[in-house]
$ cat work_29.csv   # CSV, C-alpha atoms
chain,number,residue,atom,x,y,z
A,344,MET,CA,77.9,19.5,24.4
A,345,THR,CA,80.9,17.5,25.4
A,346,ALA,CA,82.5,14.9,23.2
A,347,ALA,CA,81.4,12.0,25.5
A,348,ALA,CA,77.8,13.2,25.5
A,349,ALA,CA,77.8,13.6,21.7
A,350,ALA,CA,79.1,10.0,21.3
A,351,THR,CA,76.3,8.6,23.5
A,352,SER,CA,73.5,10.8,22.1
A,353,PRO,CA,70.9,8.8,20.0
A,354,ARG,CA,70.4,11.6,17.6
A,355,PRO,CA,72.8,12.8,15.0
A,356,ALA,CA,74.8,16.0,15.6
A,357,GLY,CA,73.0,19.1,14.3
A,358,LYS,CA,69.5,17.6,14.7
A,359,SER,CA,67.3,19.6,17.1
A,360,ALA,CA,65.4,18.0,19.9
A,361,ALA,CA,62.1,19.8,19.0
A,362,CYS,CA,61.0,17.4,16.3
A,363,VAL,CA,61.3,13.6,16.4
A,364,TRP,CA,60.2,12.8,12.8
A,365,PRO,CA,63.1,12.1,10.4
A,366,ARG,CA,61.2,13.6,7.4
A,367,ALA,CA,60.6,16.9,9.1
A,368,LYS,CA,63.2,19.5,8.0
A,369,GLY,CA,63.5,21.8,11.0
A,370,LEU,CA,60.9,23.1,13.3
A,371,ASP,CA,58.7,24.4,10.4
A,372,GLY,CA,58.5,20.9,8.9
A,373,CYS,CA,57.6,19.4,12.2
A,374,LEU,CA,54.8,21.9,12.7
A,375,ALA,CA,53.5,21.1,9.3
A,376,LEU,CA,53.3,17.5,10.3
A,377,LEU,CA,51.7,18.2,13.7
A,378,LEU,CA,49.1,20.7,12.5
A,379,PRO,CA,46.6,18.2,11.0
A,380,LEU,CA,47.0,15.9,14.0
A,381,LEU,CA,46.3,18.8,16.5
A,382,SER,CA,43.3,20.0,14.5
A,383,LEU,CA,41.9,16.4,14.6
A,384,VAL,CA,42.4,16.2,18.3
A,385,LEU,CA,40.7,19.5,18.9
A,386,LEU,CA,37.8,18.5,16.7
A,387,LEU,CA,37.3,15.3,18.6
A,388,LEU,CA,37.5,17.0,22.0
A,389,HIS,CA,35.0,19.7,21.0
A,390,ALA,CA,32.4,20.0,23.7
A,391,PRO,CA,28.9,20.3,22.1
A,392,THR,CA,26.8,23.3,23.1
A,393,SER,CA,23.2,22.9,24.3
A,394,ALA,CA,22.0,23.5,20.7
A,395,ASP,CA,24.3,20.7,19.5
A,396,ALA,CA,23.2,18.4,22.2
A,397,ALA,CA,19.5,19.0,21.4
A,398,ALA,CA,20.2,18.1,17.8
A,399,ILE,CA,22.1,14.9,18.8
A,400,VAL,CA,19.6,13.7,21.5
A,401,ALA,CA,16.4,13.9,19.6
A,402,LYS,CA,13.5,12.2,21.5
A,403,ARG,CA,11.3,10.5,19.0
A,404,SER,CA,8.1,8.7,19.3
A,405,TYR,CA,6.0,6.4,17.1
A,406,ASN,CA,2.2,6.3,17.3
A,407,ASP,CA,0.6,2.9,16.6
A,408,GLN,CA,-3.1,2.9,15.9
A,409,SER,CA,-3.4,-0.8,14.9
A,410,VAL,CA,-5.0,-2.0,18.2
A,411,ARG,CA,-8.7,-1.0,18.3
A,412,GLY,CA,-10.5,-2.8,21.2
A,413,TYR,CA,-10.4,-3.5,24.9
A,414,LEU,CA,-10.5,-6.8,26.8
A,415,THR,CA,-12.2,-5.1,29.6
A,416,GLU,CA,-13.5,-1.5,29.7
A,417,ARG,CA,-11.8,-0.3,32.8
A,418,ALA,CA,-9.3,2.5,33.6
A,419,CYS,CA,-5.7,1.6,34.3
A,420,TRP,CA,-3.6,2.6,37.2
A,421,TRP,CA,-0.4,4.5,36.7
A,422,ASN,CA,2.4,2.2,35.5
A,423,GLU,CA,0.0,-0.7,35.0
A,424,ILE,CA,0.3,-2.8,31.8
A,425,CYS,CA,-2.2,-1.4,29.4
A,426,LYS,CA,-1.2,-3.7,26.5
A,427,GLU,CA,0.6,-7.0,26.5
A,428,GLU,CA,3.1,-8.0,23.8
A,429,PHE,CA,1.5,-9.7,20.8
A,430,GLN,CA,-2.0,-9.0,22.0
A,431,THR,CA,-4.6,-7.4,19.6
A,432,GLN,CA,-6.6,-5.7,22.4
A,433,PHE,CA,-5.8,-3.3,25.3
A,434,ARG,CA,-6.1,-4.6,28.8
A,435,CYS,CA,-7.4,-1.3,30.1
A,436,LYS,CA,-7.6,2.4,29.1
A,437,CYS,CA,-4.9,4.8,30.4
A,438,PRO,CA,-6.1,8.0,32.1
A,439,GLN,CA,-6.4,11.1,29.9
A,440,TRP,CA,-3.1,12.6,31.1
A,441,SER,CA,-1.0,9.5,30.3
A,442,TYR,CA,0.1,7.4,27.4
A,443,CYS,CA,0.1,3.7,26.7
A,444,ARG,CA,3.8,3.5,26.1
A,445,SER,CA,6.3,0.7,25.4
A,446,PRO,CA,10.0,0.7,24.4
A,447,GLY,CA,9.2,-1.0,21.1
A,448,ARG,CA,6.5,-2.8,19.2
A,449,TYR,CA,7.1,-6.2,20.7
A,450,TYR,CA,7.2,-5.2,24.4
A,451,ASN,CA,4.6,-4.8,27.1
A,452,ALA,CA,3.2,-1.3,27.2
A,453,TYR,CA,2.6,0.7,30.5
A,454,CYS,CA,0.5,3.7,31.4
A,455,THR,CA,3.0,6.6,31.8
A,456,VAL,CA,3.2,10.3,31.4
A,457,THR,CA,6.3,10.1,29.1
A,458,GLY,CA,5.2,10.9,25.6
A,459,THR,CA,8.2,9.4,23.8
A,460,GLY,CA,8.9,5.9,22.6
A,461,TYR,CA,6.4,3.6,21.0
A,462,ILE,CA,3.0,5.1,21.8
A,463,TRP,CA,-0.1,2.9,21.4
A,464,THR,CA,-3.0,5.2,20.6
A,465,GLN,CA,-6.1,4.1,22.5
A,466,PRO,CA,-9.6,4.6,21.2
A,467,GLY,CA,-12.3,6.1,23.4
A,468,TRP,CA,-14.8,4.1,25.3
A,469,GLY,CA,-17.4,2.7,22.8
A,470,GLY,CA,-16.0,4.9,20.0
A,471,SER,CA,-16.2,8.2,22.0
A,472,ALA,CA,-13.2,9.5,24.0
A,473,ALA,CA,-15.5,11.5,26.3
A,474,ALA,CA,-17.9,8.7,27.3
A,475,ALA,CA,-16.5,6.4,30.0
A,476,PRO,CA,-18.3,3.3,31.4
A,477,ALA,CA,-20.0,3.6,34.8
A,478,SER,CA,-17.6,0.9,36.2
A,479,ALA,CA,-14.6,3.1,35.4
A,480,ALA,CA,-16.2,6.3,36.8
A,481,GLY,CA,-15.9,5.0,40.4
A,482,ALA,CA,-18.1,2.6,42.3

$ encode --input "work_29.csv" --output "structure tokens"
Amino acid sequence: MTAAAAATSPRPAGKSAACVWPRAKGLDGCLALLLPLLSLVLLLLHAPTSADAAAIVAKRSYNDQSVRGYLTERACWWNEICKEEFQTQFRCKCPQWSYCRSPGRYYNAYCTVTGTGYIWTQPGWGGSAAAAPASAAGA
């Protein structure tokens, strides 16, 4: 290094350019300071595996059996409102292959095949799940 370059250099003579922290004593001290930071960055950038993702995204559902009756005994269409918010009776009965589902307790519920979320358990027709009224069987 020339005398002119040494005079304009921001770092003192004898200090290496490898480490910028003043407390680090040489390259080993600099690595000792960087190691915890690098491990934290690697931990944050860890891409979860499929098993980790399955544990993180757990689809949960809640079954509510508080509603017992029907306003009308008829079968619902797919994606039709089967229960309105704050109502104590179902509007219609969802088909056997679908659920009366809502995003939460205080939302409208629709007939859907998705079995997650807030599921409203519907009783059978007249107390029996197998017996459907003649009007719902097809006219």

$ residues_around --input "work_29.csv" --residues "range 455-470 of chain A" --least-positions-apart "4" --cutoff "9 Å" --atoms "all atoms listed in the file" --output "JSON, numbers by chain"
{"A": [402, 403, 404, 405, 406, 407, 408, 409, 410, 411, 412, 413, 416, 421, 422, 423, 426, 433, 436, 437, 440, 441, 442, 443, 444, 445, 446, 447, 448, 474, 475, 476]}

$ residues_around --input "work_29.csv" --residues "Trp420 in chain A" --least-positions-apart "6" --cutoff "9 Å" --atoms "only C-alpha atoms" --output "PyMOL selection string"
chain A and resi 435+437-438+454

$ atom_distance --input "work_29.csv" --atom1 "CA of Asn451 in chain A" --atom2 "CA of Glu428 in chain A"
4.8 Å

$ closest_residue --input "work_29.csv" --among "A:Tyr449, A:Gln439, A:Leu388, A:Leu378" --to "Cys419 in chain A" --atoms "only C-alpha atoms"
A:Gln439

$ atom_distance --input "work_29.csv" --atom1 "CA of Ala418 in chain A" --atom2 "CA of Tyr450 in chain A"
20.4 Å

$ atom_distance --input "work_29.csv" --atom1 "CA of Arg434 in chain A" --atom2 "CA of Ala452 in chain A"
10.0 Å

$ build_atoms --input "work_29.csv" --residues "range 417-445 of chain A" --atoms "N, CA and C atoms" --output "PDB file, keeping the file's coordinate frame"
ATOM      1  N   ARG A 417     -12.115  -0.842  31.529  1.00  0.00           N
ATOM      2  CA  ARG A 417     -11.800  -0.300  32.800  1.00  0.00           C
ATOM      3  C   ARG A 417     -10.611   0.632  32.703  1.00  0.00           C
ATOM      4  N   ALA A 418     -10.450   1.517  33.653  1.00  0.00           N
ATOM      5  CA  ALA A 418      -9.300   2.500  33.600  1.00  0.00           C
ATOM      6  C   ALA A 418      -8.106   1.812  34.281  1.00  0.00           C
ATOM      7  N   CYS A 419      -6.955   2.084  33.717  1.00  0.00           N
ATOM      8  CA  CYS A 419      -5.700   1.600  34.300  1.00  0.00           C
ATOM      9  C   CYS A 419      -5.188   2.434  35.389  1.00  0.00           C
ATOM     10  N   TRP A 420      -4.358   1.848  36.239  1.00  0.00           N
ATOM     11  CA  TRP A 420      -3.600   2.600  37.200  1.00  0.00           C
ATOM     12  C   TRP A 420      -2.335   3.085  36.582  1.00  0.00           C
ATOM     13  N   TRP A 421      -1.655   4.036  37.230  1.00  0.00           N
ATOM     14  CA  TRP A 421      -0.400   4.500  36.700  1.00  0.00           C
ATOM     15  C   TRP A 421       0.624   3.368  36.734  1.00  0.00           C
ATOM     16  N   ASN A 422       1.390   3.225  35.689  1.00  0.00           N
ATOM     17  CA  ASN A 422       2.400   2.200  35.500  1.00  0.00           C
ATOM     18  C   ASN A 422       1.882   0.788  35.470  1.00  0.00           C
ATOM     19  N   GLU A 423       0.612   0.652  35.150  1.00  0.00           N
ATOM     20  CA  GLU A 423       0.000  -0.700  35.000  1.00  0.00           C
ATOM     21  C   GLU A 423       0.147  -1.069  33.498  1.00  0.00           C
ATOM     22  N   ILE A 424       0.237  -2.365  33.237  1.00  0.00           N
ATOM     23  CA  ILE A 424       0.300  -2.800  31.800  1.00  0.00           C
ATOM     24  C   ILE A 424      -1.019  -2.552  31.163  1.00  0.00           C
ATOM     25  N   CYS A 425      -0.969  -1.737  30.115  1.00  0.00           N
ATOM     26  CA  CYS A 425      -2.200  -1.400  29.400  1.00  0.00           C
ATOM     27  C   CYS A 425      -2.318  -2.289  28.116  1.00  0.00           C
ATOM     28  N   LYS A 426      -1.191  -2.803  27.623  1.00  0.00           N
ATOM     29  CA  LYS A 426      -1.200  -3.700  26.500  1.00  0.00           C
ATOM     30  C   LYS A 426      -0.071  -4.693  26.588  1.00  0.00           C
ATOM     31  N   GLU A 427      -0.410  -5.959  26.474  1.00  0.00           N
ATOM     32  CA  GLU A 427       0.600  -7.000  26.500  1.00  0.00           C
ATOM     33  C   GLU A 427       1.166  -7.247  25.138  1.00  0.00           C
ATOM     34  N   GLU A 428       2.423  -7.713  25.095  1.00  0.00           N
ATOM     35  CA  GLU A 428       3.100  -8.000  23.800  1.00  0.00           C
ATOM     36  C   GLU A 428       2.268  -9.013  23.016  1.00  0.00           C
ATOM     37  N   PHE A 429       2.188  -8.825  21.721  1.00  0.00           N
ATOM     38  CA  PHE A 429       1.500  -9.700  20.800  1.00  0.00           C
ATOM     39  C   PHE A 429       0.019  -9.831  20.941  1.00  0.00           C
ATOM     40  N   GLN A 430      -0.596  -9.011  21.788  1.00  0.00           N
ATOM     41  CA  GLN A 430      -2.000  -9.000  22.000  1.00  0.00           C
ATOM     42  C   GLN A 430      -2.684  -8.016  21.022  1.00  0.00           C
ATOM     43  N   THR A 431      -3.904  -8.307  20.596  1.00  0.00           N
ATOM     44  CA  THR A 431      -4.600  -7.400  19.600  1.00  0.00           C
ATOM     45  C   THR A 431      -5.587  -6.505  20.295  1.00  0.00           C
ATOM     46  N   GLN A 432      -5.685  -6.544  21.633  1.00  0.00           N
ATOM     47  CA  GLN A 432      -6.600  -5.700  22.400  1.00  0.00           C
ATOM     48  C   GLN A 432      -5.881  -5.117  23.592  1.00  0.00           C
ATOM     49  N   PHE A 433      -6.321  -3.938  24.034  1.00  0.00           N
ATOM     50  CA  PHE A 433      -5.800  -3.300  25.300  1.00  0.00           C
ATOM     51  C   PHE A 433      -6.385  -4.019  26.475  1.00  0.00           C
ATOM     52  N   ARG A 434      -5.629  -4.115  27.544  1.00  0.00           N
ATOM     53  CA  ARG A 434      -6.100  -4.600  28.800  1.00  0.00           C
ATOM     54  C   ARG A 434      -7.039  -3.640  29.500  1.00  0.00           C
ATOM     55  N   CYS A 435      -6.662  -2.351  29.429  1.00  0.00           N
ATOM     56  CA  CYS A 435      -7.400  -1.300  30.100  1.00  0.00           C
ATOM     57  C   CYS A 435      -7.072   0.036  29.403  1.00  0.00           C
ATOM     58  N   LYS A 436      -7.796   1.082  29.748  1.00  0.00           N
ATOM     59  CA  LYS A 436      -7.600   2.400  29.100  1.00  0.00           C
ATOM     60  C   LYS A 436      -6.796   3.282  30.104  1.00  0.00           C
ATOM     61  N   CYS A 437      -5.736   3.891  29.588  1.00  0.00           N
ATOM     62  CA  CYS A 437      -4.900   4.800  30.400  1.00  0.00           C
ATOM     63  C   CYS A 437      -5.701   6.076  30.682  1.00  0.00           C
ATOM     64  N   PRO A 438      -5.445   6.742  31.809  1.00  0.00           N
ATOM     65  CA  PRO A 438      -6.100   8.000  32.100  1.00  0.00           C
ATOM     66  C   PRO A 438      -5.777   9.052  30.993  1.00  0.00           C
ATOM     67  N   GLN A 439      -6.555  10.109  30.962  1.00  0.00           N
ATOM     68  CA  GLN A 439      -6.400  11.100  29.900  1.00  0.00           C
ATOM     69  C   GLN A 439      -5.067  11.788  29.892  1.00  0.00           C
ATOM     70  N   TRP A 440      -4.414  11.916  31.016  1.00  0.00           N
ATOM     71  CA  TRP A 440      -3.100  12.600  31.100  1.00  0.00           C
ATOM     72  C   TRP A 440      -1.929  11.724  30.888  1.00  0.00           C
ATOM     73  N   SER A 441      -2.149  10.449  30.519  1.00  0.00           N
ATOM     74  CA  SER A 441      -1.000   9.500  30.300  1.00  0.00           C
ATOM     75  C   SER A 441      -1.122   8.823  28.986  1.00  0.00           C
ATOM     76  N   TYR A 442      -0.053   8.111  28.657  1.00  0.00           N
ATOM     77  CA  TYR A 442       0.100   7.400  27.400  1.00  0.00           C
ATOM     78  C   TYR A 442       0.244   5.910  27.650  1.00  0.00           C
ATOM     79  N   CYS A 443      -0.202   5.096  26.713  1.00  0.00           N
ATOM     80  CA  CYS A 443       0.100   3.700  26.700  1.00  0.00           C
ATOM     81  C   CYS A 443       1.379   3.507  25.947  1.00  0.00           C
ATOM     82  N   ARG A 444       2.502   3.369  26.657  1.00  0.00           N
ATOM     83  CA  ARG A 444       3.800   3.500  26.100  1.00  0.00           C
ATOM     84  C   ARG A 444       4.634   2.200  26.287  1.00  0.00           C
ATOM     85  N   SER A 445       5.413   1.829  25.256  1.00  0.00           N
ATOM     86  CA  SER A 445       6.300   0.700  25.400  1.00  0.00           C
ATOM     87  C   SER A 445       7.667   1.081  24.741  1.00  0.00           C
TER      88      SER A 445
END
